[in-house]
file my_file_28.cif (mmCIF, C-alpha atoms)
data_protein
#
loop_
_atom_site.group_PDB
_atom_site.id
_atom_site.type_symbol
_atom_site.label_atom_id
_atom_site.label_comp_id
_atom_site.auth_asym_id
_atom_site.auth_seq_id
_atom_site.Cartn_x
_atom_site.Cartn_y
_atom_site.Cartn_z
ATOM 1 C CA MET A 1 -15.930 -2.445 -20.090
ATOM 2 C CA ILE A 2 -14.877 1.054 -18.998
ATOM 3 C CA GLU A 3 -17.516 1.036 -16.284
ATOM 4 C CA ALA A 4 -16.349 -2.348 -14.981
ATOM 5 C CA LEU A 5 -12.723 -1.173 -14.975
ATOM 6 C CA SER A 6 -13.735 2.032 -13.218
ATOM 7 C CA ARG A 7 -15.677 0.097 -10.581
ATOM 8 C CA ALA A 8 -12.652 -2.132 -10.023
ATOM 9 C CA LEU A 9 -10.469 0.970 -9.558
ATOM 10 C CA MET A 10 -13.006 2.374 -7.097
ATOM 11 C CA THR A 11 -12.927 -0.883 -5.110
ATOM 12 C CA LEU A 12 -9.132 -0.700 -5.039
ATOM 13 C CA ALA A 13 -9.305 2.926 -3.906
ATOM 14 C CA THR A 14 -11.741 1.945 -1.133
ATOM 15 C CA CYS A 15 -9.363 -0.785 0.054
ATOM 16 C CA CYS A 16 -6.397 1.606 0.009
ATOM 17 C CA LEU A 17 -8.248 4.196 2.081
ATOM 18 C CA GLY A 18 -8.687 1.684 4.912
ATOM 19 C CA GLU A 19 -10.867 1.863 7.998
ATOM 20 C CA ALA A 20 -9.615 5.311 8.998
ATOM 21 C CA ARG A 21 -11.115 6.856 5.852
ATOM 22 C CA ARG A 22 -14.072 4.492 5.391
ATOM 23 C CA GLU A 23 -16.543 7.386 5.351
ATOM 24 C CA TRP A 24 -14.569 9.129 2.601
ATOM 25 C CA ALA A 25 -14.451 5.933 0.594
ATOM 26 C CA LEU A 26 -18.263 5.718 0.793
ATOM 27 C CA ALA A 27 -18.509 9.383 -0.192
ATOM 28 C CA MET A 28 -16.344 8.737 -3.268
ATOM 29 C CA GLN A 29 -18.421 5.660 -4.157
ATOM 30 C CA ALA A 30 -21.596 7.753 -4.010
ATOM 31 C CA GLU A 31 -20.112 10.481 -6.231
ATOM 32 C CA PHE A 32 -18.861 7.803 -8.614
ATOM 33 C CA GLU A 33 -22.499 7.106 -9.528
ATOM 34 C CA GLU A 34 -22.830 10.758 -10.552
ATOM 35 C CA ALA A 35 -19.599 10.587 -12.558
ATOM 36 C CA ASN A 36 -20.813 7.386 -14.180
ATOM 37 C CA GLN A 37 -24.040 9.062 -15.222
ATOM 38 C CA ALA A 38 -22.019 11.975 -16.611
ATOM 39 C CA ARG A 39 -19.948 9.410 -18.580
ATOM 40 C CA THR A 40 -16.679 10.235 -16.839
ATOM 41 C CA PRO A 41 -16.331 7.181 -14.593
ATOM 42 C CA LEU A 42 -12.750 6.262 -15.516
ATOM 43 C CA SER A 43 -11.152 9.650 -14.876
ATOM 44 C CA PHE A 44 -13.118 9.960 -11.634
ATOM 45 C CA ALA A 45 -12.072 6.474 -10.475
ATOM 46 C CA CYS A 46 -8.415 7.095 -11.418
ATOM 47 C CA GLY A 47 -8.492 10.332 -9.419
ATOM 48 C CA CYS A 48 -9.984 8.547 -6.402
ATOM 49 C CA LEU A 49 -7.301 5.866 -6.615
ATOM 50 C CA ILE A 50 -4.577 8.534 -6.743
ATOM 51 C CA ALA A 51 -6.218 10.263 -3.761
ATOM 52 C CA ALA A 52 -6.277 6.956 -1.870
ATOM 53 C CA TRP A 53 -2.599 6.317 -2.660
ATOM 54 C CA ARG A 54 -1.723 9.817 -1.481
ATOM 55 C CA GLU A 55 -3.504 9.042 1.773
ATOM 56 C CA LEU A 56 -1.625 5.777 2.383
ATOM 57 C CA PRO A 57 1.393 7.217 4.251
ATOM 58 C CA ARG A 58 -0.874 9.407 6.370
ATOM 59 C CA HIS A 59 -2.571 6.645 8.386
ATOM 60 C CA ALA A 60 -1.175 3.717 10.361
ATOM 61 C CA GLU A 61 -2.949 1.043 8.316
ATOM 62 C CA GLY A 62 -1.651 2.618 5.099
ATOM 63 C CA ARG A 63 1.910 2.789 6.392
ATOM 64 C CA LEU A 64 1.696 -0.868 7.400
ATOM 65 C CA SER A 65 0.390 -1.729 3.944
ATOM 66 C CA LEU A 66 3.237 0.220 2.280
ATOM 67 C CA ALA A 67 5.810 -1.502 4.493
ATOM 68 C CA SER A 68 4.320 -4.937 3.686
ATOM 69 C CA HIS A 69 4.461 -4.197 -0.049
ATOM 70 C CA MET A 70 8.046 -2.953 0.261
ATOM 71 C CA LEU A 71 9.051 -6.137 2.092
ATOM 72 C CA ALA A 72 7.242 -8.347 -0.416
ATOM 73 C CA LEU A 73 8.408 -6.552 -3.570
ATOM 74 C CA GLY A 74 11.834 -5.477 -2.323
ATOM 75 C CA LEU A 75 12.995 -8.589 -0.483
ATOM 76 C CA LEU A 76 10.774 -11.668 -0.686
ATOM 77 C CA ILE A 77 10.053 -11.720 -4.432
ATOM 78 C CA PRO A 78 13.666 -10.962 -5.496
ATOM 79 C CA LEU A 79 14.789 -13.702 -3.076
ATOM 80 C CA ALA A 80 12.251 -16.099 -4.587
ATOM 81 C CA PHE A 81 13.560 -15.462 -8.112
ATOM 82 C CA PHE A 82 17.134 -15.796 -6.914
ATOM 83 C CA GLN A 83 16.297 -19.136 -5.336
ATOM 84 C CA PHE A 84 14.501 -20.281 -8.494
ATOM 85 C CA GLY A 85 17.716 -19.332 -10.316
ATOM 86 C CA CYS A 86 19.737 -21.500 -7.940
ATOM 87 C CA GLY A 87 17.258 -24.352 -8.241
ATOM 88 C CA LEU A 88 17.310 -24.258 -12.018
ATOM 89 C CA GLY A 89 21.098 -24.007 -12.064
ATOM 90 C CA LEU A 90 21.010 -20.480 -13.529
ATOM 91 C CA SER A 91 22.816 -18.929 -10.586
ATOM 92 C CA THR A 92 25.907 -20.337 -8.928
ATOM 93 C CA ALA A 93 26.645 -17.352 -6.733
ATOM 94 C CA HIS A 94 24.240 -18.234 -3.957
ATOM 95 C CA GLY A 95 23.900 -21.969 -3.725
ATOM 96 C CA GLY A 96 27.506 -22.849 -4.324
ATOM 97 C CA LEU A 97 26.354 -26.274 -5.487
ATOM 98 C CA ASP A 98 27.993 -25.985 -8.845
ATOM 99 C CA THR A 99 31.042 -24.369 -7.284
ATOM 100 C CA GLY A 100 31.461 -27.457 -5.212
ATOM 101 C CA LEU A 101 30.895 -29.808 -8.117
ATOM 102 C CA GLY A 102 32.699 -27.937 -10.841
ATOM 103 C CA PRO A 103 36.325 -27.938 -11.870
ATOM 104 C CA GLY A 104 37.316 -26.051 -8.714
ATOM 105 C CA GLY A 105 35.233 -28.368 -6.512
ATOM 106 C CA SER A 106 36.087 -31.364 -4.427
ATOM 107 C CA GLN A 107 38.945 -33.572 -5.589
ATOM 108 C CA ASP A 108 37.890 -36.350 -3.215
ATOM 109 C CA PRO A 109 36.045 -38.916 -5.388
ATOM 110 C CA TYR A 110 33.789 -40.044 -2.497
ATOM 111 C CA LEU A 111 32.810 -36.472 -1.655
ATOM 112 C CA ALA A 112 32.364 -35.613 -5.318
ATOM 113 C CA SER A 113 30.026 -38.561 -5.871
ATOM 114 C CA ALA A 114 28.066 -37.680 -2.690
ATOM 115 C CA GLN A 115 27.718 -34.112 -3.914
ATOM 116 C CA LEU A 116 26.533 -35.351 -7.317
ATOM 117 C CA MET A 117 23.946 -37.625 -5.711
ATOM 118 C CA ALA A 118 22.678 -34.817 -3.491
ATOM 119 C CA THR A 119 22.431 -32.270 -6.295
ATOM 120 C CA PRO A 120 18.854 -33.076 -7.516
ATOM 121 C CA ALA A 121 17.477 -33.037 -3.974
ATOM 122 C CA LEU A 122 19.213 -29.748 -3.233
ATOM 123 C CA HIS A 123 17.908 -28.228 -6.472
ATOM 124 C CA ILE A 124 14.391 -29.290 -5.481
ATOM 125 C CA LEU A 125 14.923 -27.701 -2.065
ATOM 126 C CA TRP A 126 15.985 -24.431 -3.735
ATOM 127 C CA LEU A 127 12.903 -24.499 -5.965
ATOM 128 C CA MET A 128 10.711 -25.204 -2.955
ATOM 129 C CA LEU A 129 12.317 -22.296 -1.108
ATOM 130 C CA GLY A 130 11.611 -20.016 -4.083
ATOM 131 C CA ALA A 131 7.959 -21.120 -4.209
ATOM 132 C CA ALA A 132 7.653 -20.716 -0.431
ATOM 133 C CA HIS A 133 8.991 -17.163 -0.669
ATOM 134 C CA LEU A 134 6.411 -16.305 -3.347
ATOM 135 C CA ARG A 135 3.684 -17.728 -1.118
ATOM 136 C CA LEU A 136 5.068 -15.848 1.879
ATOM 137 C CA ALA A 137 4.921 -12.578 -0.082
ATOM 138 C CA TRP A 138 1.292 -13.323 -1.051
ATOM 139 C CA VAL A 139 0.034 -14.252 2.424
ATOM 140 C CA LEU A 140 1.921 -11.335 3.957
ATOM 141 C CA LEU A 141 0.077 -8.905 1.679
ATOM 142 C CA GLU A 142 -3.192 -10.685 2.483
ATOM 143 C CA ARG A 143 -2.338 -10.273 6.191
ATOM 144 C CA ASP A 144 -3.120 -13.944 6.680
ATOM 145 C CA TRP A 145 -0.829 -14.313 9.682
ATOM 146 C CA SER A 146 -1.542 -17.979 10.369
ATOM 147 C CA SER A 147 -0.389 -18.792 6.800
ATOM 148 C CA VAL A 148 2.616 -16.470 7.279
ATOM 149 C CA VAL A 149 3.591 -18.540 10.340
ATOM 150 C CA LYS A 150 3.151 -21.853 8.465
ATOM 151 C CA THR A 151 5.051 -20.659 5.375
ATOM 152 C CA GLY A 152 7.737 -19.078 7.550
ATOM 153 C CA ALA A 153 8.183 -22.360 9.419
ATOM 154 C CA LEU A 154 8.451 -24.213 6.090
ATOM 155 C CA ILE A 155 11.102 -21.753 4.875
ATOM 156 C CA ALA A 156 13.023 -22.040 8.145
ATOM 157 C CA ALA A 157 12.931 -25.850 7.908
ATOM 158 C CA ALA A 158 14.104 -25.777 4.274
ATOM 159 C CA VAL A 159 16.902 -23.307 5.054
ATOM 160 C CA VAL A 160 18.096 -25.356 8.044
ATOM 161 C CA THR A 161 18.038 -28.530 5.909
ATOM 162 C CA LEU A 162 19.973 -26.815 3.130
ATOM 163 C CA PHE A 163 22.416 -25.421 5.673
ATOM 164 C CA ILE A 164 23.064 -28.851 7.232
ATOM 165 C CA VAL A 165 23.289 -30.721 3.912
ATOM 166 C CA MET A 166 25.610 -28.099 2.438
ATOM 167 C CA ALA A 167 27.774 -28.290 5.568
ATOM 168 C CA VAL A 168 27.944 -32.105 5.389
ATOM 169 C CA LEU A 169 28.835 -31.970 1.691
ATOM 170 C CA LEU A 170 31.424 -29.244 2.373
ATOM 171 C CA VAL A 171 29.760 -26.903 -0.094
ATOM 172 C CA ASP A 172 30.952 -23.294 -0.019
ATOM 173 C CA ASN A 173 30.963 -21.960 3.556
ATOM 174 C CA GLY A 174 30.150 -18.390 2.445
ATOM 175 C CA SER A 175 26.837 -19.452 0.871
ATOM 176 C CA ARG A 176 25.728 -21.008 4.125
ATOM 177 C CA MET A 177 26.417 -17.770 5.967
ATOM 178 C CA VAL A 178 24.386 -15.881 3.351
ATOM 179 C CA LEU A 179 21.517 -18.353 3.817
ATOM 180 C CA ALA A 180 21.547 -17.887 7.590
ATOM 181 C CA ALA A 181 21.698 -14.100 7.210
ATOM 182 C CA GLU A 182 18.732 -14.188 4.775
ATOM 183 C CA LEU A 183 16.650 -16.192 7.210
ATOM 184 C CA ALA A 184 17.546 -13.872 10.094
ATOM 185 C CA ILE A 185 16.705 -10.699 8.107
ATOM 186 C CA GLU A 186 13.398 -12.121 6.885
ATOM 187 C CA THR A 187 12.420 -13.244 10.372
ATOM 188 C CA ILE A 188 13.248 -9.850 11.895
ATOM 189 C CA PHE A 189 11.246 -7.948 9.253
ATOM 190 C CA ILE A 190 8.244 -10.269 9.414
ATOM 191 C CA LEU A 191 8.159 -10.273 13.216
ATOM 192 C CA GLY A 192 8.353 -6.482 13.137
ATOM 193 C CA LEU A 193 5.437 -6.287 10.706
ATOM 194 C CA ALA A 194 3.391 -8.756 12.764
ATOM 195 C CA ARG A 195 3.901 -6.725 15.936
ATOM 196 C CA TRP A 196 3.036 -3.511 14.069
ATOM 197 C CA HIS A 197 -0.127 -5.149 12.699
ATOM 198 C CA GLU A 198 -1.034 -6.351 16.181
ATOM 199 C CA ARG A 199 -0.598 -2.852 17.629
ATOM 200 C CA ILE A 200 -2.871 -1.334 14.980
ATOM 201 C CA PHE A 201 -5.614 -3.952 15.080
ATOM 202 C CA LEU A 202 -5.385 -4.996 18.733
ATOM 203 C CA ASN A 203 -8.630 -3.293 19.691
ATOM 204 C CA THR A 204 -10.558 -4.167 16.551
ATOM 205 C CA THR A 205 -9.706 -7.687 15.375
ATOM 206 C CA PRO A 206 -7.371 -9.359 17.853
ATOM 207 C CA ALA A 207 -8.168 -12.834 16.532
ATOM 208 C CA THR A 208 -6.794 -12.131 13.050
ATOM 209 C CA THR A 209 -3.187 -11.590 14.090
ATOM 210 C CA GLY A 210 -2.403 -15.162 15.067
ATOM 211 C CA TRP A 211 0.784 -14.146 16.923
ATOM 212 C CA MET B 1 0.024 22.052 10.999
ATOM 213 C CA GLY B 2 -1.235 22.506 7.455
ATOM 214 C CA ARG B 3 -3.018 25.733 8.300
ATOM 215 C CA ASN B 4 0.269 27.470 9.065
ATOM 216 C CA ARG B 5 1.464 26.755 5.536
ATOM 217 C CA ARG B 6 0.536 28.955 2.619
ATOM 218 C CA PRO B 7 -2.557 27.439 0.947
ATOM 219 C CA SER B 8 -1.997 25.925 -2.487
ATOM 220 C CA LYS B 9 -3.555 27.310 -5.661
ATOM 221 C CA GLN B 10 -6.054 24.435 -5.682
ATOM 222 C CA MET B 11 -6.984 25.036 -2.058
ATOM 223 C CA LEU B 12 -7.526 28.738 -2.751
ATOM 224 C CA LEU B 13 -9.781 27.822 -5.658
ATOM 225 C CA LEU B 14 -11.812 25.448 -3.502
ATOM 226 C CA LEU B 15 -12.031 28.013 -0.698
ATOM 227 C CA GLU B 16 -13.227 30.593 -3.188
ATOM 228 C CA VAL B 17 -15.971 28.328 -4.544
ATOM 229 C CA LEU B 18 -17.067 27.198 -1.082
ATOM 230 C CA SER B 19 -17.058 30.709 0.370
ATOM 231 C CA ALA B 20 -19.077 32.113 -2.533
ATOM 232 C CA ARG B 21 -22.102 30.353 -1.007
ATOM 233 C CA SER B 22 -20.754 29.488 2.423
ATOM 234 C CA GLN B 23 -24.099 28.454 3.952
ATOM 235 C CA GLU B 24 -24.957 26.075 1.156
ATOM 236 C CA TRP B 25 -24.141 22.354 1.324
ATOM 237 C CA ARG B 26 -22.332 21.138 -1.806
ATOM 238 C CA HIS B 27 -21.788 17.706 -3.314
ATOM 239 C CA GLY B 28 -18.279 16.512 -4.202
ATOM 240 C CA TYR B 29 -19.047 16.053 -7.885
ATOM 241 C CA ASP B 30 -20.555 19.549 -8.124
ATOM 242 C CA LEU B 31 -17.428 20.985 -6.479
ATOM 243 C CA MET B 32 -15.323 19.140 -9.063
ATOM 244 C CA LYS B 33 -17.303 20.730 -11.875
ATOM 245 C CA GLU B 34 -17.229 24.205 -10.346
ATOM 246 C CA THR B 35 -13.546 24.238 -9.461
ATOM 247 C CA GLY B 36 -12.330 22.187 -12.419
ATOM 248 C CA LEU B 37 -10.302 20.094 -9.964
ATOM 249 C CA LEU B 38 -9.976 16.362 -10.533
ATOM 250 C CA SER B 39 -11.164 13.898 -7.918
ATOM 251 C CA GLY B 40 -7.518 13.039 -7.136
ATOM 252 C CA THR B 41 -6.938 16.646 -6.074
ATOM 253 C CA LEU B 42 -10.334 17.530 -4.637
ATOM 254 C CA TYR B 43 -10.768 14.656 -2.179
ATOM 255 C CA PRO B 44 -7.358 14.925 -0.472
ATOM 256 C CA LEU B 45 -8.043 18.673 -0.108
ATOM 257 C CA LEU B 46 -11.493 18.068 1.373
ATOM 258 C CA MET B 47 -10.069 15.446 3.747
ATOM 259 C CA ARG B 48 -7.304 17.795 4.927
ATOM 260 C CA MET B 49 -9.669 20.727 5.307
ATOM 261 C CA THR B 50 -12.176 18.611 7.233
ATOM 262 C CA ASP B 51 -9.394 17.331 9.528
ATOM 263 C CA GLN B 52 -8.327 20.946 10.122
ATOM 264 C CA GLY B 53 -11.894 21.996 10.949
ATOM 265 C CA LEU B 54 -12.208 24.288 7.917
ATOM 266 C CA VAL B 55 -14.889 22.194 6.214
ATOM 267 C CA GLU B 56 -17.766 20.229 7.685
ATOM 268 C CA ALA B 57 -19.318 17.221 6.021
ATOM 269 C CA GLU B 58 -22.546 15.336 6.485
ATOM 270 C CA TRP B 59 -24.574 12.627 4.802
ATOM 271 C CA ARG B 60 -27.687 13.438 2.811
ATOM 272 C CA GLU B 61 -30.412 11.095 1.664
ATOM 273 C CA PRO B 62 -30.260 10.372 -2.083
ATOM 274 C CA GLU B 63 -32.402 12.496 -4.375
ATOM 275 C CA GLN B 64 -33.302 9.472 -6.512
ATOM 276 C CA PRO B 65 -34.387 6.093 -5.125
ATOM 277 C CA GLY B 66 -31.815 3.331 -5.441
ATOM 278 C CA ARG B 67 -28.884 5.724 -5.236
ATOM 279 C CA PRO B 68 -26.479 5.762 -2.270
ATOM 280 C CA ALA B 69 -26.527 8.546 0.318
ATOM 281 C CA ARG B 70 -24.192 11.392 -0.641
ATOM 282 C CA HIS B 71 -21.683 13.428 1.303
ATOM 283 C CA VAL B 72 -22.159 17.190 1.320
ATOM 284 C CA TYR B 73 -19.683 19.852 2.344
ATOM 285 C CA ARG B 74 -19.586 23.456 3.455
ATOM 286 C CA LEU B 75 -17.175 25.811 5.202
ATOM 287 C CA THR B 76 -17.241 26.046 8.989
ATOM 288 C CA ALA B 77 -17.026 29.440 10.704
ATOM 289 C CA ALA B 78 -13.259 28.890 11.003
ATOM 290 C CA GLY B 79 -13.206 27.968 7.313
ATOM 291 C CA VAL B 80 -15.000 31.175 6.340
ATOM 292 C CA THR B 81 -12.496 33.240 8.367
ATOM 293 C CA PHE B 82 -9.600 31.331 6.841
ATOM 294 C CA ALA B 83 -11.016 31.771 3.325
ATOM 295 C CA GLN B 84 -11.345 35.521 3.900
ATOM 296 C CA SER B 85 -7.791 35.877 5.223
ATOM 297 C CA ALA B 86 -6.440 33.690 2.397
ATOM 298 C CA ALA B 87 -8.309 35.776 -0.181
ATOM 299 C CA LEU B 88 -6.975 38.956 1.410
ATOM 300 C CA SER B 89 -3.364 37.790 1.477
ATOM 301 C CA ASN B 90 -3.576 36.721 -2.174
ATOM 302 C CA ALA B 91 -5.390 39.798 -3.406
ATOM 303 C CA THR B 92 -3.759 42.600 -5.384
ATOM 304 C CA PRO B 93 -3.570 46.039 -3.637
ATOM 305 C CA ALA B 94 -6.677 47.189 -5.542
ATOM 306 C CA GLN B 95 -8.598 44.062 -4.514
ATOM 307 C CA LYS B 96 -7.421 44.499 -0.903
ATOM 308 C CA PHE B 97 -8.779 48.038 -0.914
ATOM 309 C CA ALA B 98 -12.132 46.825 -2.283
ATOM 310 C CA LEU B 99 -12.323 44.009 0.296
ATOM 311 C CA ALA B 100 -11.476 46.404 3.128
#
call {"tool": "encode", "arguments": {"input": "my_file_28.cif", "output": "structure tokens"}}
result
Amino acid sequence: MIEALSRALMTLATCCLGEARREWALAMQAEFEEANQARTPLSFACGCLIAAWRELPRHAEGRLSLASHMLALGLLIPLAFFQFGCGLGLSTAHGGLDTGLGPGGSQDPYLASAQLMATPALHILWLMLGAAHLRLAWVLLERDWSSVVKTGALIAAAVVTLFIVMAVLLVDNGSRMVLAAELAIETIFILGLARWHERIFLNTTPATTGW
Amino acid sequence: MGRNRRPSKQMLLLLEVLSARSQEWRHGYDLMKETGLLSGTLYPLLMRMTDQGLVEAEWREPEQPGRPARHVYRLTAAGVTFAQSAALSNATPAQKFALA
């Protein structure tokens, strides 16, 4: 069990060291066998992982990886949970659906009934947006750029649909502006990361970028 | 860049161990045992020192069949000079006199 865990940590350390430190990763792997024989594999593997993490900001691939994780953990995943909250009716701040339908909402009976009829579809759209953001975070960390493009297009389509439907139903103008701003910020960050990735890997694996 | 900074306690320890037998190639795990440094401290130090030209590394065939090739390390000429100057600047007046 400890050996398997240690080997997993060593694999993680190897991945974190990247191509720039491939030789050092192999050197650590070789010494791991010695540590394993001396029955200290876990402490050795933990140390190698810490060493690999310390190396991350020092090479371009590591900095790109850190930036991708920051974008995924700091923006995309919180956004996904926020959108799940809107979809499940737990948050009214963002979607404005309930604001429009609640006591302070539309007094026009036709508009109110249209809003009520649209509510389930809009909730599903919010849930779909949340799921798409989780997927976007995953494929971004996997550097699967073709999936990033597909998921990004799906998110853009969902946001535009939400924007239009919310405009037609006269649901909270501020929320629509927030939605548009979210989409713009995400697009800027992801395009920036894609260009950065392309610059780093242009000479090695140009086919993997997909941009 | 790093060479202009004062070497850390761990780096001094590693320099001391490497310069004790400067012509001898040493394995990473043996250096860990000799210096008492953990792998999380030793490897970043070795990487830095290799980048700065203080340490040289090469691959050696495994001593036992079925084992991977191992990396070995030793001080370069610049590393030996640096180790001597670092030892001198960290020595007490009595040690400095003995070294001189």
call {"tool": "interface_residues", "arguments": {"input": "my_file_28.cif", "of": "chain B", "to": "chain A", "cutoff": "6 Å", "atoms": "all atoms listed in the file", "output": "number ranges by chain"}}
result
B: 29, 39-40, 44, 68, 70-71
call {"tool": "write_last_selection", "arguments": {"input": "my_file_28.cif", "atoms": "C-alpha atoms", "output": "PDB file, in the coordinates of the input"}}
result
ATOM      1  CA  TYR B  29     -19.047  16.053  -7.885  1.00  0.00           C
ATOM      2  CA  SER B  39     -11.164  13.898  -7.918  1.00  0.00           C
ATOM      3  CA  GLY B  40      -7.518  13.039  -7.136  1.00  0.00           C
ATOM      4  CA  PRO B  44      -7.358  14.925  -0.472  1.00  0.00           C
ATOM      5  CA  PRO B  68     -26.479   5.762  -2.270  1.00  0.00           C
ATOM      6  CA  ARG B  70     -24.192  11.392  -0.641  1.00  0.00           C
ATOM      7  CA  HIS B  71     -21.683  13.428   1.303  1.00  0.00           C
TER       8      HIS B  71
END
call {"tool": "residues_around", "arguments": {"input": "my_file_28.cif", "residues": "range 118-122 of chain A", "least_positions_apart": "3", "cutoff": "10 Å", "atoms": "all atoms listed in the file", "output": "list in words"}}
result
Cys86, Gly87, Gly95, Leu97, Asp98, Leu101, Ala112, Ser113, Ala114, Gln115, Leu125, Trp126, Leu127, Met128, Ala158, Thr161, Leu162, Val165, Met166 and Leu169 of chain A
call {"tool": "closest_residue", "arguments": {"input": "my_file_28.cif", "among": "B:Arg26, B:Leu14, B:Met32, B:Ser89", "to": "Thr40 in chain A", "atoms": "all atoms listed in the file"}}
result
B:Met32
call {"tool": "resolve_selection", "arguments": {"input": "my_file_28.cif", "expression": "the PyMOL selection byres ((chain B and resi 54) around 9)", "output": "PyMOL selection string"}}
result
chain B and resi 48-53+55-56+74-83
call {"tool": "closest_residue", "arguments": {"input": "my_file_28.cif", "among": "A:Phe163, A:Tyr110, A:Phe84, A:Trp196", "to": "His123 in chain A", "atoms": "all atoms listed in the file"}}
result
A:Phe84
call {"tool": "axis_aligned_box", "arguments": {"input": "my_file_28.cif", "around": "range 70-82 of chain B", "padding_each_side": "3 Å", "output": "AutoDock Vina command-line options"}}
result
--center_x -16.9 --center_y 22.3 --center_z 5.2 --size_x 20.6 --size_y 27.8 --size_z 17.6
call {"tool": "resolve_selection", "arguments": {"input": "my_file_28.cif", "expression": "the PyMOL selection byres ((chain B and resi 57) around 6)", "output": "ChimeraX atom specification"}}
result
/B:56,58,72-73
call {"tool": "residues_around", "arguments": {"input": "my_file_28.cif", "residues": "Leu56 in chain A", "least_positions_apart": "6", "cutoff": "9 Å", "atoms": "all atoms listed in the file", "output": "ChimeraX atom specification"}}
result
/A:16-18,62-66
call {"tool": "write_last_selection", "arguments": {"input": "my_file_28.cif", "atoms": "C-alpha atoms", "output": "JSON list (two decimals), keeping the file's coordinate frame"}}
result
[["chain", "number", "residue", "atom", "x", "y", "z"],
["A", 16, "CYS", "CA", -6.40, 1.61, 0.01],
["A", 17, "LEU", "CA", -8.25, 4.20, 2.08],
["A", 18, "GLY", "CA", -8.69, 1.68, 4.91],
["A", 62, "GLY", "CA", -1.65, 2.62, 5.10],
["A", 63, "ARG", "CA", 1.91, 2.79, 6.39],
["A", 64, "LEU", "CA", 1.70, -0.87, 7.40],
["A", 65, "SER", "CA", 0.39, -1.73, 3.94],
["A", 66, "LEU", "CA", 3.24, 0.22, 2.28]]
